[in-house]
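J.: I am sharing entry-v6.cif, which consists of mmCIF, C-alpha atoms:
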data_upload
loop_
_atom_site.label_atom_id
_atom_site.label_comp_id
_atom_site.auth_asym_id
_atom_site.auth_seq_id
_atom_site.Cartn_x
_atom_site.Cartn_y
_atom_site.Cartn_z
CA MET A 45 14.29 -19.38 -7.96
CA ASN A 46 17.43 -21.06 -6.61
CA VAL A 47 20.17 -21.05 -9.25
CA PHE A 48 21.10 -24.69 -8.57
CA LEU A 49 17.51 -25.81 -9.03
CA VAL A 50 17.32 -23.88 -12.30
CA LEU A 51 20.54 -25.48 -13.54
CA LEU A 52 19.30 -28.95 -12.56
CA LEU A 53 15.94 -28.41 -14.23
CA VAL A 54 17.38 -27.21 -17.53
CA ILE A 55 19.84 -30.13 -17.66
CA VAL A 56 17.02 -32.59 -16.96
CA PHE A 57 14.94 -30.85 -19.62
CA ILE A 58 17.72 -31.21 -22.23
CA ILE A 59 18.05 -34.92 -21.45
CA ILE A 60 14.29 -35.62 -21.53
CA ALA A 61 13.73 -33.47 -24.62
CA THR A 62 16.53 -35.21 -26.50
CA ILE A 63 15.83 -38.80 -25.43
CA LYS A 64 12.10 -39.09 -24.76
CA LEU A 65 10.55 -36.30 -26.79
CA LYS A 66 13.02 -36.65 -29.69
CA ILE A 67 13.44 -32.88 -29.89
CA HIS A 68 16.49 -31.91 -31.92
CA PRO A 69 19.41 -30.59 -29.78
CA LEU A 70 19.22 -27.24 -31.60
CA PHE A 71 15.75 -26.59 -30.20
CA SER A 72 16.28 -28.23 -26.81
CA LEU A 73 19.32 -26.00 -26.13
CA ILE A 74 17.54 -22.79 -27.20
CA ILE A 75 14.41 -23.68 -25.21
CA ALA A 76 16.61 -24.52 -22.20
CA ALA A 77 18.24 -21.10 -22.49
CA LEU A 78 14.82 -19.41 -22.59
CA LEU A 79 13.59 -21.43 -19.59
CA ALA A 80 16.71 -20.71 -17.57
CA GLY A 81 16.49 -16.99 -18.21
CA GLY A 82 12.77 -16.90 -17.45
CA MET A 83 13.03 -18.87 -14.19
CA LEU A 84 15.77 -16.52 -12.99
CA GLY A 85 13.65 -13.46 -13.61
CA MET A 86 15.58 -12.04 -16.55
CA LYS A 87 13.60 -9.60 -18.69
CA ALA A 88 12.42 -10.96 -22.03
CA GLU A 89 14.49 -8.50 -24.07
CA VAL A 90 17.60 -9.32 -22.01
CA ILE A 91 17.11 -13.06 -22.56
CA LEU A 92 16.77 -12.60 -26.32
CA GLU A 93 19.75 -10.25 -26.47
CA THR A 94 21.88 -12.68 -24.44
CA ILE A 95 20.91 -15.64 -26.61
CA SER A 96 21.62 -13.73 -29.83
CA GLU A 97 24.95 -12.49 -28.51
CA GLY A 98 26.06 -15.98 -27.41
CA PHE A 99 24.91 -17.54 -30.67
CA GLY A 100 26.67 -14.95 -32.82
CA LYS A 101 29.89 -14.91 -30.81
CA THR A 102 30.25 -18.68 -31.04
CA LEU A 103 29.58 -18.83 -34.77
CA SER A 104 31.90 -15.92 -35.53
CA SER A 105 34.82 -17.87 -34.13
CA ILE A 106 34.17 -21.37 -35.48
CA GLY A 107 31.46 -21.27 -38.15
CA LEU A 108 33.84 -21.20 -41.13
CA ILE A 109 36.18 -23.70 -39.50
CA ILE A 110 33.37 -26.25 -39.20
CA ALA A 111 32.30 -25.62 -42.81
CA PHE A 112 35.84 -26.01 -44.18
CA GLY A 113 36.50 -29.11 -42.07
CA THR A 114 33.30 -30.73 -43.32
CA VAL A 115 34.22 -30.03 -46.96
CA ILE A 116 37.60 -31.72 -46.42
CA GLY A 117 35.85 -34.73 -44.89
CA ILE A 118 33.40 -35.08 -47.79
CA PHE A 119 36.18 -34.91 -50.39
CA LEU A 120 38.18 -37.55 -48.50
CA GLU A 121 35.12 -39.78 -48.54
CA LYS A 122 34.08 -39.22 -52.16
CA THR A 123 37.57 -39.64 -53.61
CA ASN A 124 38.29 -42.74 -51.50
CA GLY A 125 40.99 -40.77 -49.67
CA THR A 126 40.04 -42.46 -46.41
CA LYS A 127 40.62 -45.92 -47.90
CA VAL A 128 43.91 -44.78 -49.42
CA MET A 129 45.05 -43.66 -45.97
CA ALA A 130 43.91 -46.96 -44.46
CA ASN A 131 45.79 -49.03 -47.04
CA THR A 132 48.90 -46.87 -46.65
CA ILE A 133 48.94 -47.30 -42.88
CA LEU A 134 48.29 -51.02 -43.33
CA LYS A 135 51.35 -51.34 -45.59
CA ILE A 136 53.51 -49.55 -43.03
CA VAL A 137 52.27 -51.47 -39.99
CA GLY A 138 51.94 -54.83 -41.72
CA LEU A 139 49.17 -57.41 -42.04
CA LYS A 140 50.09 -59.06 -38.73
CA GLN A 141 49.33 -55.79 -36.95
CA SER A 142 46.29 -54.95 -39.06
CA PRO A 143 44.07 -54.19 -36.02
CA LEU A 144 46.62 -51.55 -34.99
CA ALA A 145 46.57 -50.22 -38.55
CA MET A 146 42.78 -49.83 -38.36
CA ASN A 147 43.08 -48.10 -34.98
CA ILE A 148 45.59 -45.60 -36.40
CA THR A 149 43.49 -45.14 -39.53
CA GLY A 150 40.41 -44.39 -37.45
CA PHE A 151 42.36 -41.88 -35.39
CA VAL A 152 43.52 -39.99 -38.49
CA VAL A 153 40.25 -40.18 -40.42
CA SER A 154 38.07 -38.92 -37.55
CA ILE A 155 39.84 -35.56 -37.36
CA PRO A 156 37.83 -34.19 -40.32
CA VAL A 157 35.20 -36.96 -40.68
CA PHE A 158 32.52 -37.75 -38.08
CA CYS A 159 33.23 -41.07 -36.38
CA ASP A 160 29.90 -42.55 -37.53
CA SER A 161 30.68 -41.82 -41.18
CA GLY A 162 34.29 -42.93 -40.81
CA PHE A 163 33.26 -46.31 -39.43
CA ILE A 164 30.72 -46.90 -42.19
CA ILE A 165 33.27 -45.98 -44.87
CA LEU A 166 35.93 -48.33 -43.47
CA SER A 167 33.73 -51.20 -42.28
CA SER A 168 34.17 -53.15 -45.52
CA LEU A 169 37.96 -53.02 -45.07
CA ASN A 170 37.46 -54.39 -41.54
CA LYS A 171 35.57 -57.39 -42.93
CA ALA A 172 38.18 -58.06 -45.60
CA LEU A 173 41.00 -57.99 -43.04
CA SER A 174 39.08 -60.23 -40.66
CA LYS A 175 38.68 -62.89 -43.38
CA LYS A 176 42.30 -62.53 -44.49
CA THR A 177 43.86 -62.78 -41.02
CA GLY A 178 41.37 -65.14 -39.37
CA LEU A 179 40.94 -62.73 -36.46
CA SER A 180 37.48 -62.06 -35.07
CA LEU A 181 35.69 -59.12 -36.63
CA VAL A 182 35.19 -57.81 -33.08
CA VAL A 183 38.93 -57.09 -32.86
CA PHE A 184 38.87 -54.91 -35.97
CA ALA A 185 35.53 -53.29 -35.12
CA VAL A 186 36.59 -52.12 -31.65
CA ALA A 187 40.10 -51.15 -32.80
CA LEU A 188 38.66 -48.96 -35.56
CA ALA A 189 35.80 -47.59 -33.45
CA THR A 190 38.03 -46.55 -30.54
CA GLY A 191 40.56 -44.92 -32.87
CA LEU A 192 37.80 -42.90 -34.48
CA TYR A 193 36.31 -42.03 -31.10
CA ALA A 194 39.56 -40.73 -29.58
CA SER A 195 40.17 -37.95 -32.08
CA HIS A 196 36.42 -37.29 -32.30
CA VAL A 197 36.29 -35.95 -28.72
CA PHE A 198 39.80 -34.54 -28.30
CA VAL A 199 41.18 -33.12 -31.54
CA PRO A 200 39.87 -30.01 -33.36
CA PRO A 201 38.59 -29.31 -35.97
CA THR A 202 36.13 -32.02 -34.91
CA PRO A 203 33.07 -29.91 -33.93
CA GLY A 204 32.84 -31.00 -30.26
CA PRO A 205 36.28 -29.93 -28.98
CA LEU A 206 36.25 -27.02 -31.44
CA ALA A 207 33.01 -25.70 -29.93
CA ALA A 208 34.25 -26.24 -26.36
CA ALA A 209 37.43 -24.31 -27.12
CA ALA A 210 35.34 -21.44 -28.49
CA VAL A 211 32.91 -21.36 -25.55
CA LEU A 212 35.74 -21.53 -22.96
CA GLU A 213 37.92 -19.13 -24.99
CA ALA A 214 40.78 -21.64 -25.00
CA ASP A 215 43.70 -21.38 -27.41
CA LEU A 216 42.76 -23.65 -30.32
CA GLY A 217 46.33 -24.52 -31.22
CA LEU A 218 47.09 -25.51 -27.64
CA VAL A 219 43.92 -27.60 -27.48
CA MET A 220 44.99 -29.33 -30.68
CA LEU A 221 48.54 -30.08 -29.45
CA LEU A 222 47.45 -31.29 -26.01
CA GLY A 223 44.46 -33.05 -27.56
CA LEU A 224 46.76 -35.09 -29.78
CA SER A 225 49.00 -35.95 -26.84
CA VAL A 226 45.98 -37.25 -24.91
CA ALA A 227 44.11 -38.82 -27.83
CA ILE A 228 47.00 -40.99 -29.04
CA PRO A 229 47.37 -43.05 -25.82
CA VAL A 230 43.58 -43.08 -25.39
CA SER A 231 43.27 -44.54 -28.88
CA LEU A 232 45.91 -47.18 -28.09
CA VAL A 233 44.02 -48.16 -24.93
CA GLY A 234 41.07 -48.92 -27.18
CA PHE A 235 43.31 -51.02 -29.42
CA LEU A 236 44.67 -52.98 -26.44
CA TRP A 237 41.15 -53.69 -25.21
CA ALA A 238 40.09 -54.71 -28.72
CA ASN A 239 43.00 -57.16 -28.89
CA TYR A 240 42.08 -58.62 -25.50
CA ILE A 241 38.30 -58.85 -25.63
CA GLY A 242 38.08 -59.45 -29.37
CA ARG A 243 39.77 -62.81 -29.00
CA LYS A 244 37.11 -63.87 -26.51
CA LEU A 245 34.06 -62.70 -28.46
CA VAL A 246 32.80 -63.55 -31.94
CA ALA A 247 30.61 -61.43 -34.19
CA GLY A 248 27.64 -62.94 -36.00
CA GLU A 249 27.86 -64.29 -39.54
CA ASP A 250 28.28 -61.62 -42.22
CA LYS A 251 24.96 -60.88 -43.87
CA ALA A 252 24.06 -57.50 -45.29
CA TYR A 253 27.65 -56.34 -45.61
CA GLY A 254 29.45 -59.64 -46.01
CA ASN A 255 30.14 -59.34 -49.72
CA GLN A 256 31.87 -55.97 -49.61
CA ASP A 257 35.61 -55.82 -50.14
CA SER A 258 38.33 -53.33 -49.32
CA THR A 259 38.77 -51.95 -52.81
CA PRO A 260 37.15 -48.72 -53.97
CA SER A 261 33.72 -49.18 -55.45
CA GLU A 262 33.35 -49.09 -59.21
CA GLU A 263 31.30 -45.94 -58.91
CA ASN A 264 34.15 -44.00 -57.29
CA ALA A 265 37.16 -45.94 -58.59
CA GLU A 266 38.04 -43.13 -61.02
CA TYR A 267 38.55 -40.76 -58.09
CA THR A 268 41.22 -42.83 -56.32
CA VAL A 269 44.02 -40.48 -55.20
CA SER A 270 47.69 -40.77 -54.32
CA THR A 271 48.85 -41.26 -50.75
CA LEU A 272 50.35 -37.78 -50.52
CA ALA A 273 47.20 -36.16 -51.90
CA ALA A 274 45.07 -38.05 -49.36
CA PHE A 275 47.10 -36.94 -46.34
CA LEU A 276 47.84 -33.31 -47.26
CA PRO A 277 44.33 -31.88 -46.53
CA LEU A 278 44.72 -33.16 -42.95
CA LEU A 279 48.38 -32.72 -42.19
CA VAL A 280 48.93 -29.22 -43.60
CA PRO A 281 46.24 -27.45 -41.50
CA ILE A 282 47.27 -29.33 -38.34
CA LEU A 283 50.93 -28.42 -38.81
CA LEU A 284 50.15 -24.76 -39.57
CA ILE A 285 47.88 -24.34 -36.53
CA ALA A 286 50.35 -26.17 -34.27
CA LEU A 287 53.30 -24.07 -35.51
CA LYS A 288 51.41 -20.84 -34.88
CA SER A 289 50.53 -21.94 -31.36
CA ILE A 290 54.13 -22.95 -30.60
CA LEU A 291 55.66 -19.73 -31.92
CA GLU A 292 53.13 -17.56 -30.06
CA TYR A 293 53.50 -19.39 -26.74
CA PRO A 294 54.20 -16.73 -24.05
CA GLY A 295 57.51 -18.29 -23.01
CA PHE A 296 59.19 -17.76 -26.40
CA HIS A 297 59.06 -13.92 -26.57
CA LEU A 298 59.79 -13.86 -30.29
CA GLU A 299 60.08 -10.50 -32.03
CA PRO A 300 57.44 -9.81 -34.69
CA GLY A 301 58.76 -10.13 -38.23
CA TRP A 302 57.76 -11.37 -41.65
CA PHE A 303 58.12 -15.03 -40.65
CA ILE A 304 56.14 -14.67 -37.42
CA ASN A 305 53.47 -12.56 -39.09
CA THR A 306 53.14 -14.96 -42.04
CA THR A 307 53.00 -17.99 -39.74
CA SER A 308 50.41 -16.26 -37.56
CA PHE A 309 48.24 -15.58 -40.61
CA LEU A 310 48.58 -19.00 -42.22
CA GLY A 311 48.23 -20.76 -38.85
CA SER A 312 44.97 -19.07 -37.92
CA PRO A 313 42.42 -21.93 -37.90
CA THR A 314 40.20 -20.41 -40.59
CA ILE A 315 43.06 -19.86 -43.06
CA ALA A 316 44.71 -23.21 -42.22
CA LEU A 317 41.47 -25.11 -42.89
CA LEU A 318 40.91 -23.10 -46.09
CA ILE A 319 44.34 -24.23 -47.29
CA GLY A 320 43.26 -27.77 -46.42
CA VAL A 321 40.18 -27.25 -48.61
CA VAL A 322 42.45 -26.28 -51.53
CA PHE A 323 44.33 -29.57 -51.14
CA ALA A 324 40.97 -31.37 -50.87
CA PHE A 325 39.85 -29.79 -54.16
CA ASN A 326 43.05 -31.10 -55.71
CA MET A 327 42.00 -34.64 -54.71
CA GLY A 328 38.80 -34.26 -56.69
CA ARG A 329 40.34 -32.79 -59.83
CA LYS A 330 39.35 -35.88 -61.85
CA ALA A 331 35.71 -35.25 -61.05
CA SER A 332 33.61 -32.94 -63.17
CA LEU A 333 33.00 -29.37 -62.03
CA LYS A 334 29.35 -30.19 -61.37
CA THR A 335 30.26 -33.24 -59.31
CA ARG A 336 32.67 -31.23 -57.16
CA TYR A 337 30.07 -28.51 -56.78
CA ASP A 338 27.53 -31.10 -55.59
CA TRP A 339 30.06 -32.47 -53.09
CA VAL A 340 30.60 -28.99 -51.66
CA VAL A 341 26.86 -28.33 -51.45
CA GLY A 342 26.35 -31.63 -49.62
CA ALA A 343 29.18 -30.81 -47.24
CA LEU A 344 27.80 -27.35 -46.46
CA LYS A 345 24.35 -28.80 -45.79
CA GLU A 346 25.92 -31.20 -43.29
CA ALA A 347 28.02 -28.40 -41.79
CA GLY A 348 24.99 -26.14 -41.44
CA LEU A 349 23.34 -28.49 -38.95
CA ILE A 350 26.54 -28.78 -36.92
CA VAL A 351 27.01 -25.01 -36.94
CA LEU A 352 23.46 -24.41 -35.71
CA ILE A 353 23.80 -26.88 -32.83
CA THR A 354 27.12 -25.34 -31.87
CA GLY A 355 25.63 -21.85 -31.96
CA ALA A 356 22.71 -23.01 -29.80
CA GLY A 357 25.24 -24.31 -27.29
CA GLY A 358 26.90 -20.91 -27.28
CA ALA A 359 23.54 -19.23 -26.70
CA PHE A 360 22.77 -21.58 -23.81
CA GLY A 361 26.20 -20.86 -22.35
CA SER A 362 25.68 -17.13 -22.62
CA VAL A 363 22.52 -17.33 -20.52
CA LEU A 364 24.29 -19.53 -17.95
CA ARG A 365 27.09 -16.97 -17.68
CA ALA A 366 24.46 -14.31 -17.02
CA MET A 367 23.17 -16.48 -14.16
CA ASP A 368 26.47 -15.85 -12.33
CA ILE A 369 26.61 -19.45 -11.14
CA ALA A 370 30.14 -19.06 -9.76
CA ASN A 371 28.98 -16.92 -6.85
CA TYR A 372 26.68 -19.71 -5.65
CA ILE A 373 29.10 -22.63 -5.78
CA PRO A 374 31.11 -23.26 -2.56
CA ILE A 375 34.37 -24.19 -4.30
CA ASN A 376 37.58 -22.33 -4.95
CA ALA A 377 40.88 -22.54 -6.78
CA ASP A 378 42.54 -24.37 -3.88
CA LEU A 379 40.47 -27.50 -4.55
CA LEU A 380 43.09 -29.71 -6.24
CA PHE A 381 41.85 -30.96 -9.63
CA GLY A 382 38.32 -29.96 -8.57
CA GLY A 383 37.46 -28.10 -11.74
CA ILE A 384 38.84 -30.80 -14.02
CA LEU A 385 36.89 -33.50 -12.20
CA ILE A 386 33.70 -31.44 -12.23
CA ALA A 387 34.01 -30.90 -16.01
CA PHE A 388 34.59 -34.62 -16.56
CA PHE A 389 31.71 -35.68 -14.32
CA ILE A 390 29.13 -33.33 -15.88
CA ALA A 391 30.09 -34.41 -19.40
CA ALA A 392 30.03 -38.10 -18.43
CA VAL A 393 26.56 -37.77 -16.90
CA LEU A 394 25.22 -35.96 -19.96
CA LYS A 395 26.86 -38.41 -22.37
CA THR A 396 25.61 -41.48 -20.55
CA ALA A 397 22.13 -40.01 -20.21
CA GLN A 398 21.45 -38.67 -23.70
CA GLY A 399 23.99 -40.42 -25.96
CA SER A 400 25.52 -37.66 -28.08
CA SER A 401 29.15 -36.80 -27.34
CA THR A 402 28.90 -33.52 -29.24
CA VAL A 403 25.83 -32.37 -27.30
CA ALA A 404 27.49 -33.41 -24.02
CA ILE A 405 30.64 -31.44 -24.88
CA ILE A 406 28.82 -28.29 -25.95
CA THR A 407 26.43 -28.33 -22.98
CA THR A 408 29.18 -28.99 -20.43
CA ALA A 409 31.38 -26.25 -21.89
CA ALA A 410 28.48 -23.82 -21.51
CA ILE A 411 28.06 -24.84 -17.86
CA MET A 412 31.79 -24.62 -17.11
CA ALA A 413 32.45 -21.26 -18.80
CA PRO A 414 31.29 -19.04 -15.88
CA LEU A 415 33.11 -21.26 -13.36
CA LEU A 416 36.65 -21.09 -14.72
CA THR A 417 37.79 -18.20 -12.52
CA SER A 418 36.43 -19.59 -9.25
CA LEU A 419 37.95 -22.98 -10.07
CA GLY A 420 41.38 -21.57 -10.84
CA LEU A 421 41.26 -22.60 -14.49
CA GLU A 422 42.17 -19.28 -16.09
CA THR A 423 45.58 -20.03 -17.61
CA PRO A 424 45.86 -21.16 -21.25
CA ILE A 425 46.94 -24.65 -20.16
CA SER A 426 44.09 -24.94 -17.65
CA LYS A 427 41.48 -23.87 -20.20
CA ALA A 428 42.82 -26.40 -22.70
CA CYS A 429 42.79 -29.09 -20.00
CA THR A 430 39.18 -28.23 -19.20
CA VAL A 431 38.25 -28.74 -22.86
CA LEU A 432 40.01 -32.12 -22.84
CA ALA A 433 38.46 -33.18 -19.52
CA ILE A 434 35.05 -32.47 -21.03
CA GLY A 435 36.04 -34.57 -24.05
CA ALA A 436 37.10 -37.44 -21.78
CA GLY A 437 33.77 -37.30 -19.98
CA ALA A 438 31.88 -37.14 -23.27
CA MET A 439 33.23 -40.54 -24.31
CA THR A 440 32.26 -42.22 -21.01
CA VAL A 441 30.35 -44.30 -22.06
CA SER A 442 28.89 -45.18 -25.48
CA HIS A 443 25.94 -47.53 -25.09
CA VAL A 444 22.47 -48.24 -26.47
CA ASN A 445 21.28 -44.61 -26.58
CA ASP A 446 24.24 -43.57 -28.74
CA SER A 447 23.88 -43.77 -32.53
CA TYR A 448 27.59 -44.60 -32.79
CA PHE A 449 27.06 -47.72 -30.68
CA TRP A 450 24.54 -48.99 -33.23
CA VAL A 451 26.72 -48.07 -36.20
CA VAL A 452 29.61 -50.08 -34.74
CA SER A 453 27.48 -53.06 -33.74
CA GLN A 454 25.33 -53.29 -36.88
CA PHE A 455 28.14 -52.78 -39.39
CA SER A 456 30.15 -55.43 -37.53
CA ASN A 457 27.31 -57.91 -37.07
CA MET A 458 27.58 -57.84 -33.29
CA ASP A 459 24.57 -58.47 -31.07
CA VAL A 460 23.86 -56.01 -28.24
CA LYS A 461 25.48 -58.17 -25.55
CA THR A 462 28.71 -58.48 -27.54
CA ALA A 463 28.78 -54.77 -28.35
CA LEU A 464 28.26 -53.83 -24.70
CA LYS A 465 31.09 -56.13 -23.58
CA SER A 466 33.45 -54.84 -26.25
CA GLN A 467 32.66 -51.32 -27.49
CA THR A 468 30.96 -49.92 -24.36
CA VAL A 469 33.62 -51.19 -21.96
CA ALA A 470 36.31 -49.89 -24.31
CA THR A 471 34.88 -46.37 -24.13
CA PHE A 472 34.85 -46.58 -20.33
CA PHE A 473 38.56 -47.40 -20.23
CA GLN A 474 39.25 -44.71 -22.81
CA GLY A 475 37.39 -42.05 -20.83
CA ILE A 476 39.17 -42.87 -17.56
CA THR A 477 42.55 -42.95 -19.32
CA GLY A 478 41.81 -39.57 -20.88
CA LEU A 479 40.89 -38.12 -17.50
CA LEU A 480 44.10 -39.40 -15.87
CA LEU A 481 46.23 -37.96 -18.66
CA VAL A 482 44.50 -34.58 -18.43
CA LEU A 483 44.99 -34.54 -14.66
CA GLY A 484 48.68 -35.22 -15.22
CA ILE A 485 49.02 -32.34 -17.69
CA GLN A 486 47.17 -30.00 -15.32
CA TYR A 487 49.34 -31.05 -12.38
CA PHE A 488 52.70 -30.60 -14.10
CA PHE A 489 51.97 -27.68 -16.43
CA GLY A 490 48.77 -26.01 -15.22
#
Represent the structure contained in this file as C-alpha cells.
T.:
Amino acid sequence: MNVFLVLLLVIVFIIIATIKLKIHPLFSLIIAALLAGGMLGMKAEVILETISEGFGKTLSSIGLIIAFGTVIGIFLEKTNGTKVMANTILKIVGLKQSPLAMNITGFVVSIPVFCDSGFIILSSLNKALSKKTGLSLVVFAVALATGLYASHVFVPPTPGPLAAAAVLEADLGLVMLLGLSVAIPVSLVGFLWANYIGRKLVAGEDKAYGNQDSTPSEENAEYTVSTLAAFLPLLVPILLIALKSILEYPGFHLEPGWFINTTSFLGSPTIALLIGVVFAFNMGRKASLKTRYDWVVGALKEAGLIVLITGAGGAFGSVLRAMDIANYIPINADLLFGGILIAFFIAAVLKTAQGSSTVAIITTAAIMAPLLTSLGLETPISKACTVLAIGAGAMTVSHVNDSYFWVVSQFSNMDVKTALKSQTVATFFQGITGLLLVLGIQYFFG
C-alpha cells in the first residue's frame, strides 16, 4: 500500500479513535502502530519487535524524568508551594500589574505541574484579585491560562516537549534553553491579549467557586512553605541542566576535569530532577511520613499514565521510521524553513482535531523523526527548533475539544462564546508567535 495513504489512514484513525470512540491515546497509538506495520506488509514478529524497541528506548531516556517531575509538582501543590510562588511574584510585580503576576506565575508553575492542575490550583487567587482590583475575571483567567500553556508546550520537563526531544534525539538542555527563550515572549503575548480582550468581555457571576479566597485552605495551611523552599525544586534542576548544556556546547572545547565531570553528572536530566525531588521533600517535612508517602504514591500513579502514553508514542514513531517515509517525500534540505513549517502544520492539525497538546506533540515527533535528514534538520539547533515548532503547533488552537479549554472557562465562569473569543484566540496568537520565533532561531543559528 502507498506509504502516504498509510500515514494518512493512521493519523485519521488516531483522531477518530480519540475523539469519537473515546479510546485512550495509549491504545490508539499502539493500534495505529500495528495497523501501519500491517498495511505496509511488515512481518508480525518485526512489527512487535519494532514496537517493543521504540517503547523501551523512549522510556529508558525519559521515564524517570517524568516520574521525578511529577513528584515535584505534587509536592508543590500539596504544600501550597504554587500559591507561595504566586504571592511572591505578586509582591514583586505589584497589585496594579496583578494580571502580569498571574501570567508569570502560570509560566513558572506549569514547568512541573500540568496546566490543567495549575489553573485549578490558582483559580481562587484569580477570583480574589479580580474582586480586589475591579478588573474582569477574564483578564486574570486568560493571563494565567496563557502563561501556563506557554511552558506546557515548550519547556521540559513538561512531558510533551520532553517526549519530543527524546523521540527526535534532541539535546534536552538545548531544548530547555531555547524553549525558555521562545516561551517567555509567547507567554507575554497571551498576557497582552488578556489585557486587551479582557477589558471588553465579562465573565458570568461567581457561583460554585465564588467564595474561595487566595489563602491556603485550612486543611493544608500547616504545610505552607517559605519562598525559597517553594522555588528551589524548580530552579535548581533547570540551572543544572542548562549549565551542563552550555559547558558541553561544541564551540567551547573545554578540557575534561573534575568541574566539567561533576557538572555533567549533576546536570544530567535524571540526576537534576532527582535533586529537585530532594528539595521537594524538604517542602513537605512538616507532613507525616505516611502523608508524604501517600503524596509520592499519588504522583507516581499520575506519572505512570504519562509514561505509558509517551512510550506508546515512541513505539508508533519506531514503526514510522521503519516505513522509510523520507524516501517517498519530494522535499529536500534546500527548502527554506520547510521542515519547521511541516512540523508546525502537522502538530496544529492534530491539536485542532483531537484536542490534546501532549498527544499532538508525541504523534508529530514520531512522524518527523524519519524526516530530519531529508529536511536538513540534523544539527543540534535544528533538532531543538523542530521540537519547539511542534510545541508551537500543538498550542494552535485550544477550543471545545480540549479539556484545558473547559477548565479555564468553567473555573472562570465564562460561557463558551466568551472563552472562544478570549482563550481560543489567545492560543492562536501564541502559536503563531512561537512559530515566528522558532523560524528566527533556525534562520540565524540553524
J.: Kindly extract all protein, DNA and RNA residues lying within 12 Å of the coordinates (52.7, -14.6, -40.3) given in the file, considering only C-alpha atoms, and supply them as a PyMOL selection string.
T.: chain A and resi 284-285+287-289+291-292+299-312+315-316
J.: Go through the shown structure with the PyMOL selection byres ((chain A and resi 442-457) around 9) and write out the matching residues as a PyMOL selection string.
T.: chain A and resi 63+159-161+163-164+167-168+170-171+181-182+184-186+189+247-253+395-401+438-441+458-460+462-464+467-472
J.: Can you translate the PyMOL selection byres ((chain A and resi 139) around 12) into the concrete residues it hits in this file, as an MDAnalysis selection string?
T.: chainID A and resid 130:138 140:146 172:179
J.: One decimal, in Å: what's the spacing between atom CA of A:Glu121 and atom CA of A:Leu224?
T.: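 Going from atom CA of A:Glu121 over to atom CA of A:Leu224 covers 22.6 Å.
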J.: For atom CA of A:Pro281 and atom CA of A:Ile118, quote the distance in Å rounded to one decimal.
T.: 16.2 Å
J.: Just how far from atom CA of A:Lys87 is atom CA of A:Ser362, in Å to one decimal?
T.: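 Distance between the two atoms: 14.8 Å.
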J.: How close does stretch 280-384 of chain A get to stretch 103-113 of chain A? List, as JSON lines, each residue of stretch 280-384 of chain A within 8 Å, its nearest atom pair and the distance in Å to one decimal, counting all atoms listed in the file.
T.:
{"residue": "A:Pro313", "atom": "CA", "partner": "A:Ile109", "partner_atom": "CA", "distance": 6.7}
{"residue": "A:Thr314", "atom": "CA", "partner": "A:Ile109", "partner_atom": "CA", "distance": 5.3}
{"residue": "A:Leu317", "atom": "CA", "partner": "A:Phe112", "partner_atom": "CA", "distance": 5.8}
{"residue": "A:Leu318", "atom": "CA", "partner": "A:Phe112", "partner_atom": "CA", "distance": 6.1}
{"residue": "A:Gly320", "atom": "CA", "partner": "A:Phe112", "partner_atom": "CA", "distance": 7.9}
{"residue": "A:Val321", "atom": "CA", "partner": "A:Phe112", "partner_atom": "CA", "distance": 6.3}
{"residue": "A:Ala343", "atom": "CA", "partner": "A:Ala111", "partner_atom": "CA", "distance": 7.5}
{"residue": "A:Leu344", "atom": "CA", "partner": "A:Ala111", "partner_atom": "CA", "distance": 6.0}
{"residue": "A:Ala347", "atom": "CA", "partner": "A:Ala111", "partner_atom": "CA", "distance": 5.2}
{"residue": "A:Gly348", "atom": "CA", "partner": "A:Ala111", "partner_atom": "CA", "distance": 7.5}
{"residue": "A:Ile350", "atom": "CA", "partner": "A:Ile110", "partner_atom": "CA", "distance": 7.6}
{"residue": "A:Val351", "atom": "CA", "partner": "A:Gly107", "partner_atom": "CA", "distance": 5.9}
{"residue": "A:Thr354", "atom": "CA", "partner": "A:Leu103", "partner_atom": "CA", "distance": 7.5}
{"residue": "A:Gly355", "atom": "CA", "partner": "A:Leu103", "partner_atom": "CA", "distance": 5.7}
J.: Any idea what's packed within 10 Å of A:Ile228, counting all atoms listed in the file, ignoring anything in its chain fewer than 4 positions away? Could you give it as a CSV table (one decimal) with C-alpha atoms, keeping the file's coordinate frame?
T.:
chain,number,residue,atom,x,y,z
A,148,ILE,CA,45.6,-45.6,-36.4
A,151,PHE,CA,42.4,-41.9,-35.4
A,191,GLY,CA,40.6,-44.9,-32.9
A,194,ALA,CA,39.6,-40.7,-29.6
A,195,SER,CA,40.2,-38.0,-32.1
A,198,PHE,CA,39.8,-34.5,-28.3
A,223,GLY,CA,44.5,-33.0,-27.6
A,224,LEU,CA,46.8,-35.1,-29.8
A,232,LEU,CA,45.9,-47.2,-28.1
A,233,VAL,CA,44.0,-48.2,-24.9
A,478,GLY,CA,41.8,-39.6,-20.9
J.: Please produce, as a Markdown table, a per-residue contact table for stretch 56-145 of chain A versus stretch 336-340 of chain A (criterion: any atom at most 8 Å away, all atoms listed in the file considered), showing the nearest atom pair and its distance in Å to one decimal, sorted by chain then residue number.
T.:
| residue | atom | partner | partner_atom | distance |
| --- | --- | --- | --- | --- |
| A:Val115 | CA | A:Val340 | CA | 6.0 |
| A:Ile118 | CA | A:Trp339 | CA | 6.8 |
| A:Phe119 | CA | A:Trp339 | CA | 7.1 |
| A:Lys122 | CA | A:Trp339 | CA | 7.9 |
J.: Got time to write the residues from that selection, C-alpha atoms, as a PDB file, in the frame of the given file?
T.:
ATOM      1  CA  VAL A 115      34.220 -30.030 -46.960  1.00  0.00           C
ATOM      2  CA  ILE A 118      33.400 -35.080 -47.790  1.00  0.00           C
ATOM      3  CA  PHE A 119      36.180 -34.910 -50.390  1.00  0.00           C
ATOM      4  CA  LYS A 122      34.080 -39.220 -52.160  1.00  0.00           C
TER       5      LYS A 122
END
J.: Around (38.8, -54.8, -28.2) in the file's frame, which residues reach within 7 Å when counting all atoms listed in the file? Return as an MDAnalysis selection string?
T.: chainID A and resid 182:183 186:187 234:242 466 470
J.: In terms of the shortest atom-to-atom distance over only C-alpha atoms, which of A:Leu218, A:Ala207, A:Ala428, A:Val246 is closest to A:Ser180?
T.: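 Nearest candidate to A:Ser180 out of A:Leu218, A:Ala207, A:Ala428, A:Val246: A:Val246.
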J.: Which one of A:Gly420, A:Gly150, A:Gly361, A:Gly435 sits closest to A:Leu206 if you count all atoms listed in the file?
T.: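 Residue with the minimum atom-to-atom distance to A:Leu206: A:Gly435.
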